[in-house]
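**Q** Have a peek at run05.tsv (TSV, C-alpha atoms).
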chain	number	residue	atom	x	y	z
A	5	MET	CA	34.42	188.23	252.73
A	6	THR	CA	37.93	188.27	251.37
A	7	LYS	CA	39.29	191.15	249.33
A	8	VAL	CA	40.98	190.30	246.05
A	9	ASN	CA	42.97	192.68	243.88
A	10	VAL	CA	43.24	191.68	240.23
A	11	TYR	CA	45.99	193.41	238.21
A	12	VAL	CA	45.41	193.43	234.46
A	13	THR	CA	48.23	194.63	232.22
A	14	LEU	CA	48.74	194.77	228.47
A	15	ARG	CA	51.17	192.17	227.15
A	16	GLU	CA	54.68	193.50	226.48
A	17	SER	CA	54.26	193.13	222.72
A	18	VAL	CA	51.07	195.20	222.58
A	19	VAL	CA	51.33	198.94	221.91
A	20	ASP	CA	49.77	201.00	224.72
A	21	PRO	CA	48.55	204.35	223.29
A	22	GLN	CA	47.25	205.50	226.67
A	23	GLY	CA	50.63	204.81	228.24
A	24	ILE	CA	52.44	206.66	225.44
A	25	ALA	CA	50.14	209.69	225.79
A	26	THR	CA	50.63	209.72	229.56
A	27	GLN	CA	54.40	209.49	229.18
A	28	ASP	CA	54.43	212.36	226.66
A	29	ALA	CA	52.36	214.48	229.03
A	30	LEU	CA	54.71	213.68	231.94
A	31	HIS	CA	57.71	214.67	229.82
A	32	LYS	CA	56.02	217.96	228.87
A	33	LEU	CA	55.45	218.63	232.57
A	34	GLY	CA	59.17	218.22	233.26
A	35	PHE	CA	59.26	214.59	234.42
A	36	ASN	CA	61.82	213.67	231.78
A	37	GLU	CA	63.26	210.77	233.73
A	38	VAL	CA	60.15	208.64	233.32
A	39	SER	CA	60.03	205.81	230.79
A	40	ASN	CA	58.03	202.70	229.94
A	41	VAL	CA	54.72	204.06	231.18
A	42	ARG	CA	51.99	201.44	230.80
A	43	ILE	CA	48.41	201.75	231.94
A	44	GLY	CA	46.55	198.73	233.25
A	45	ARG	CA	43.48	198.00	235.33
A	46	LEU	CA	43.16	197.29	239.01
A	47	ILE	CA	39.97	195.36	239.77
A	48	GLU	CA	39.02	195.14	243.43
A	49	LEU	CA	36.39	192.64	244.47
A	50	GLU	CA	35.18	190.75	247.50
A	51	LEU	CA	34.08	187.15	247.72
A	52	SER	CA	33.88	184.38	250.25
A	53	GLY	CA	35.42	180.92	250.42
A	54	THR	CA	38.73	179.32	251.23
A	55	ASN	CA	41.84	180.66	249.52
A	56	ALA	CA	41.89	177.68	247.14
A	57	GLU	CA	38.24	178.21	246.16
A	58	ILE	CA	38.82	181.92	245.69
A	59	GLU	CA	41.81	181.27	243.47
A	60	THR	CA	39.76	178.96	241.24
A	61	ARG	CA	36.82	181.36	241.03
A	62	VAL	CA	38.95	184.42	240.30
A	63	ASN	CA	40.73	182.55	237.50
A	64	GLU	CA	37.32	181.61	236.07
A	65	MET	CA	36.13	185.22	236.27
A	66	CYS	CA	39.27	186.44	234.51
A	67	ASP	CA	38.77	183.87	231.76
A	68	ALA	CA	35.08	184.62	231.37
A	69	LEU	CA	34.98	188.40	231.56
A	70	LEU	CA	37.67	190.42	233.26
A	71	VAL	CA	40.67	189.81	231.03
A	72	ASN	CA	41.18	189.71	227.27
A	73	LYS	CA	43.89	187.07	227.26
A	74	VAL	CA	44.83	187.74	223.64
A	75	ILE	CA	46.34	191.09	224.58
A	76	GLU	CA	46.40	191.13	228.39
A	77	ASN	CA	48.08	189.37	231.28
A	78	TYR	CA	46.78	189.26	234.81
A	79	SER	CA	47.78	188.37	238.31
A	80	PHE	CA	45.91	188.66	241.57
A	81	GLU	CA	46.47	189.01	245.27
A	82	ILE	CA	44.18	187.51	247.87
A	83	GLY	CA	44.08	190.04	250.67
A	84	GLU	CA	42.81	190.27	254.19
A	85	VAL	CA	39.32	189.34	255.28
A	86	ALA	CA	37.14	192.45	255.07
A	87	GLY	CA	34.62	193.31	257.76
A	88	LYS	CA	33.18	190.29	259.55
B	2	MET	CA	65.87	202.13	236.38
B	3	THR	CA	63.43	201.30	239.11
B	4	LYS	CA	59.95	200.02	238.42
B	5	VAL	CA	57.10	201.76	240.21
B	6	ASN	CA	53.48	200.60	240.31
B	7	VAL	CA	50.93	203.31	241.04
B	8	TYR	CA	47.48	202.12	242.15
B	9	VAL	CA	44.69	204.61	241.58
B	10	THR	CA	41.27	203.87	243.05
B	11	LEU	CA	38.02	205.79	243.27
B	12	ARG	CA	37.25	207.16	246.74
B	13	GLU	CA	34.78	205.03	248.73
B	14	SER	CA	32.12	207.72	248.52
B	15	VAL	CA	32.23	207.97	244.72
B	16	VAL	CA	29.85	205.80	242.67
B	17	ASP	CA	31.72	203.51	240.26
B	18	PRO	CA	29.48	202.78	237.24
B	19	GLN	CA	32.14	200.60	235.60
B	20	GLY	CA	32.41	198.51	238.76
B	21	ILE	CA	28.64	198.16	239.02
B	22	ALA	CA	28.38	197.06	235.38
B	23	THR	CA	31.19	194.55	235.85
B	24	GLN	CA	29.57	193.15	238.99
B	25	ASP	CA	26.20	192.80	237.22
B	26	ALA	CA	27.89	190.98	234.36
B	27	LEU	CA	29.69	188.65	236.78
B	28	HIS	CA	26.41	187.86	238.53
B	29	LYS	CA	24.75	187.09	235.18
B	30	LEU	CA	27.61	184.71	234.41
B	31	GLY	CA	26.96	182.83	237.65
B	32	PHE	CA	29.54	184.44	239.93
B	33	ASN	CA	26.90	185.41	242.46
B	34	GLU	CA	29.27	185.43	245.42
B	35	VAL	CA	31.11	188.54	244.18
B	36	SER	CA	30.45	191.94	245.73
B	37	ASN	CA	31.97	195.41	245.99
B	38	VAL	CA	33.57	195.34	242.55
B	39	ARG	CA	35.53	198.53	241.93
B	40	ILE	CA	37.65	199.34	238.91
B	41	GLY	CA	40.81	201.38	239.28
B	42	ARG	CA	43.97	202.04	237.31
B	43	LEU	CA	47.37	200.43	237.58
B	44	ILE	CA	50.07	202.73	236.21
B	45	GLU	CA	53.46	201.11	235.67
B	46	LEU	CA	56.45	203.33	235.09
B	47	GLU	CA	60.21	203.31	235.32
B	48	LEU	CA	62.49	206.01	236.61
B	49	SER	CA	65.90	206.40	238.19
B	50	GLY	CA	67.07	207.83	241.49
B	51	THR	CA	67.22	206.82	245.10
B	52	ASN	CA	64.05	205.54	246.76
B	53	ALA	CA	63.53	208.89	248.53
B	54	GLU	CA	63.88	210.82	245.24
B	55	ILE	CA	61.54	208.43	243.48
B	56	GLU	CA	58.95	208.79	246.22
B	57	THR	CA	59.02	212.59	245.91
B	58	ARG	CA	58.83	212.52	242.11
B	59	VAL	CA	56.00	209.99	241.97
B	60	ASN	CA	53.97	212.06	244.45
B	61	GLU	CA	54.57	215.11	242.23
B	62	MET	CA	53.47	213.20	239.12
B	63	CYS	CA	50.31	212.01	240.87
B	64	ASP	CA	49.51	215.57	241.93
B	65	ALA	CA	50.23	217.03	238.52
B	66	LEU	CA	48.65	214.51	236.18
B	67	LEU	CA	48.05	210.92	237.16
B	68	VAL	CA	45.44	211.24	239.87
B	69	ASN	CA	42.28	213.32	240.23
B	70	LYS	CA	42.47	213.78	243.97
B	71	VAL	CA	38.91	215.08	244.21
B	72	ILE	CA	37.53	211.64	243.45
B	73	GLU	CA	40.53	209.31	243.56
B	74	ASN	CA	43.02	207.90	246.05
B	75	TYR	CA	46.40	206.49	245.17
B	76	SER	CA	49.23	204.48	246.59
B	77	PHE	CA	52.41	203.21	245.01
B	78	GLU	CA	55.00	200.49	245.34
B	79	ILE	CA	58.63	200.99	244.48
B	80	GLY	CA	59.73	197.71	242.96
B	81	GLU	CA	62.89	196.02	241.86
B	82	VAL	CA	65.53	197.59	239.67
B	83	ALA	CA	64.74	196.73	236.06
B	84	GLY	CA	67.42	195.79	233.55
B	85	LYS	CA	70.87	197.21	234.31
Here is the file; what I need is its structure written in the form of structure tokens.
**A**
Amino acid sequence: MTKVNVYVTLRESVVDPQGIATQDALHKLGFNEVSNVRIGRLIELELSGTNAEIETRVNEMCDALLVNKVIENYSFEIGEVAGK
Amino acid sequence: MTKVNVYVTLRESVVDPQGIATQDALHKLGFNEVSNVRIGRLIELELSGTNAEIETRVNEMCDALLVNKVIENYSFEIGEVAGK
């Protein structure tokens, strides 16, 4: 099984209320130097196959379910082989 | 300004209902080869300082607000300098 990390982020042009709230809270806590806070999703999954097959399947999964491509971008990293 | 990506994941021992639901949905869509789906957060932020300062500050932010260390782990990546 190969581990894959999928990173899903809001597109630049989309307002991120969760990011704004987090940034405000950080400022209130004294972390005034922080800016451009954006919150995205990290989806970890495991699947088998060659790297090329995995790439195709992960793109299909992102299209079908994991990513709302109207407002989100994604990228992914094919990691090390997990376990046996 | 330096970009930092903070990756927040649930601890191994903590049940992840969102991950289970996502995995079930993927299986129903025909992606039967997928297992161990876990959903975490990707927090992108920008701040200034040397790498050592940034490391200290990001750890402080994770302790203070960004991460619930009872149930979550985190790691972060200090990226390229953004803009000027």
**Q** Could you please tell me, as an NGL selection string, which residues of chain A have an atom within 7 Å of chain B when using all atoms listed in the file?
**A** :A and (37-52)
**Q** Could you please determine the separation between CA of Asn52 (chain B) and CA of Gly80 (chain B) in Å, to one decimal place?
**A**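 Separation between CA of Asn52 (chain B) and CA of Gly80 (chain B): 9.7 Å.
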**Q** Take CA of Glu78 (chain B) and CA of Leu14 (chain A) and report the distance between them in Å, one decimal.
**A**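 So the answer is 18.9 Å.
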**Q** What is the distance between CA of Tyr75 (chain B) and CA of Ile58 (chain A), in Å to one decimal?
**A**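 Between CA of Tyr75 (chain B) and CA of Ile58 (chain A) the gap is 25.7 Å.
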**Q** Put chain B on top of chain A with a least-squares fit on all C-alpha atoms, paired in order, and send it back as a PDB file with C-alpha atoms, keeping the file's coordinate frame.
**A**
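And here's selection13.pdb as it stands now:
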ATOM      1  CA  MET B   2      34.446 188.241 252.751  1.00  0.00           C
ATOM      2  CA  THR B   3      37.936 188.283 251.369  1.00  0.00           C
ATOM      3  CA  LYS B   4      39.294 191.157 249.338  1.00  0.00           C
ATOM      4  CA  VAL B   5      40.986 190.288 246.061  1.00  0.00           C
ATOM      5  CA  ASN B   6      42.972 192.675 243.867  1.00  0.00           C
ATOM      6  CA  VAL B   7      43.249 191.672 240.220  1.00  0.00           C
ATOM      7  CA  TYR B   8      45.994 193.393 238.205  1.00  0.00           C
ATOM      8  CA  VAL B   9      45.425 193.426 234.466  1.00  0.00           C
ATOM      9  CA  THR B  10      48.235 194.624 232.214  1.00  0.00           C
ATOM     10  CA  LEU B  11      48.738 194.768 228.469  1.00  0.00           C
ATOM     11  CA  ARG B  12      51.161 192.158 227.120  1.00  0.00           C
ATOM     12  CA  GLU B  13      54.679 193.501 226.475  1.00  0.00           C
ATOM     13  CA  SER B  14      54.256 193.127 222.728  1.00  0.00           C
ATOM     14  CA  VAL B  15      51.059 195.194 222.569  1.00  0.00           C
ATOM     15  CA  VAL B  16      51.332 198.946 221.917  1.00  0.00           C
ATOM     16  CA  ASP B  17      49.771 201.002 224.725  1.00  0.00           C
ATOM     17  CA  PRO B  18      48.542 204.336 223.296  1.00  0.00           C
ATOM     18  CA  GLN B  19      47.248 205.490 226.689  1.00  0.00           C
ATOM     19  CA  GLY B  20      50.650 204.823 228.240  1.00  0.00           C
ATOM     20  CA  ILE B  21      52.442 206.659 225.443  1.00  0.00           C
ATOM     21  CA  ALA B  22      50.144 209.678 225.803  1.00  0.00           C
ATOM     22  CA  THR B  23      50.635 209.709 229.568  1.00  0.00           C
ATOM     23  CA  GLN B  24      54.411 209.491 229.194  1.00  0.00           C
ATOM     24  CA  ASP B  25      54.429 212.358 226.665  1.00  0.00           C
ATOM     25  CA  ALA B  26      52.357 214.464 229.036  1.00  0.00           C
ATOM     26  CA  LEU B  27      54.703 213.681 231.935  1.00  0.00           C
ATOM     27  CA  HIS B  28      57.708 214.678 229.832  1.00  0.00           C
ATOM     28  CA  LYS B  29      56.015 217.965 228.882  1.00  0.00           C
ATOM     29  CA  LEU B  30      55.435 218.632 232.577  1.00  0.00           C
ATOM     30  CA  GLY B  31      59.149 218.212 233.269  1.00  0.00           C
ATOM     31  CA  PHE B  32      59.247 214.592 234.423  1.00  0.00           C
ATOM     32  CA  ASN B  33      61.811 213.680 231.795  1.00  0.00           C
ATOM     33  CA  GLU B  34      63.276 210.782 233.753  1.00  0.00           C
ATOM     34  CA  VAL B  35      60.136 208.647 233.325  1.00  0.00           C
ATOM     35  CA  SER B  36      60.034 205.820 230.796  1.00  0.00           C
ATOM     36  CA  ASN B  37      58.047 202.702 229.934  1.00  0.00           C
ATOM     37  CA  VAL B  38      54.726 204.062 231.167  1.00  0.00           C
ATOM     38  CA  ARG B  39      52.000 201.447 230.803  1.00  0.00           C
ATOM     39  CA  ILE B  40      48.407 201.742 231.934  1.00  0.00           C
ATOM     40  CA  GLY B  41      46.558 198.717 233.245  1.00  0.00           C
ATOM     41  CA  ARG B  42      43.484 197.992 235.324  1.00  0.00           C
ATOM     42  CA  LEU B  43      43.171 197.283 239.015  1.00  0.00           C
ATOM     43  CA  ILE B  44      39.983 195.349 239.757  1.00  0.00           C
ATOM     44  CA  GLU B  45      39.031 195.137 243.426  1.00  0.00           C
ATOM     45  CA  LEU B  46      36.403 192.646 244.468  1.00  0.00           C
ATOM     46  CA  GLU B  47      35.179 190.761 247.491  1.00  0.00           C
ATOM     47  CA  LEU B  48      34.089 187.168 247.726  1.00  0.00           C
ATOM     48  CA  SER B  49      33.885 184.371 250.258  1.00  0.00           C
ATOM     49  CA  GLY B  50      35.413 180.915 250.419  1.00  0.00           C
ATOM     50  CA  THR B  51      38.716 179.334 251.237  1.00  0.00           C
ATOM     51  CA  ASN B  52      41.836 180.652 249.514  1.00  0.00           C
ATOM     52  CA  ALA B  53      41.881 177.660 247.133  1.00  0.00           C
ATOM     53  CA  GLU B  54      38.216 178.219 246.170  1.00  0.00           C
ATOM     54  CA  ILE B  55      38.808 181.920 245.689  1.00  0.00           C
ATOM     55  CA  GLU B  56      41.806 181.255 243.473  1.00  0.00           C
ATOM     56  CA  THR B  57      39.755 178.943 241.240  1.00  0.00           C
ATOM     57  CA  ARG B  58      36.821 181.358 241.033  1.00  0.00           C
ATOM     58  CA  VAL B  59      38.959 184.408 240.286  1.00  0.00           C
ATOM     59  CA  ASN B  60      40.738 182.527 237.484  1.00  0.00           C
ATOM     60  CA  GLU B  61      37.311 181.599 236.076  1.00  0.00           C
ATOM     61  CA  MET B  62      36.132 185.220 236.264  1.00  0.00           C
ATOM     62  CA  CYS B  63      39.278 186.421 234.497  1.00  0.00           C
ATOM     63  CA  ASP B  64      38.763 183.849 231.747  1.00  0.00           C
ATOM     64  CA  ALA B  65      35.082 184.611 231.359  1.00  0.00           C
ATOM     65  CA  LEU B  66      34.985 188.390 231.549  1.00  0.00           C
ATOM     66  CA  LEU B  67      37.674 190.412 233.250  1.00  0.00           C
ATOM     67  CA  VAL B  68      40.674 189.800 231.041  1.00  0.00           C
ATOM     68  CA  ASN B  69      41.180 189.713 227.276  1.00  0.00           C
ATOM     69  CA  LYS B  70      43.884 187.082 227.247  1.00  0.00           C
ATOM     70  CA  VAL B  71      44.809 187.761 223.627  1.00  0.00           C
ATOM     71  CA  ILE B  72      46.330 191.094 224.570  1.00  0.00           C
ATOM     72  CA  GLU B  73      46.377 191.136 228.369  1.00  0.00           C
ATOM     73  CA  ASN B  74      48.089 189.391 231.270  1.00  0.00           C
ATOM     74  CA  TYR B  75      46.771 189.251 234.795  1.00  0.00           C
ATOM     75  CA  SER B  76      47.780 188.379 238.301  1.00  0.00           C
ATOM     76  CA  PHE B  77      45.913 188.662 241.564  1.00  0.00           C
ATOM     77  CA  GLU B  78      46.473 189.016 245.276  1.00  0.00           C
ATOM     78  CA  ILE B  79      44.183 187.509 247.855  1.00  0.00           C
ATOM     79  CA  GLY B  80      44.087 190.034 250.665  1.00  0.00           C
ATOM     80  CA  GLU B  81      42.808 190.311 254.177  1.00  0.00           C
ATOM     81  CA  VAL B  82      39.327 189.371 255.289  1.00  0.00           C
ATOM     82  CA  ALA B  83      37.141 192.465 255.082  1.00  0.00           C
ATOM     83  CA  GLY B  84      34.564 193.327 257.724  1.00  0.00           C
ATOM     84  CA  LYS B  85      33.207 190.334 259.649  1.00  0.00           C
TER      85      LYS B  85
END
**Q** What's around Val15 (chain B) at 12 Å? Count all atoms listed in the file, leave out sequence neighbours fewer than 6 positions away in its own chain, and write the answer as a list in words.
**A** Ile21, Arg39, Ile40, Lys70, Val71, Ile72, Glu73 and Asn74 of chain B
**Q** Box time for region 82-86 of chain A: axis-aligned, enclosing all its listed atoms, 6 Å extra on each side; report centre and edge lengths in Å to one decimal, as JSON.
**A**
{"center_x": 40.7, "center_y": 190.0, "center_z": 251.6, "size_x": 19.0, "size_y": 16.9, "size_z": 19.4}
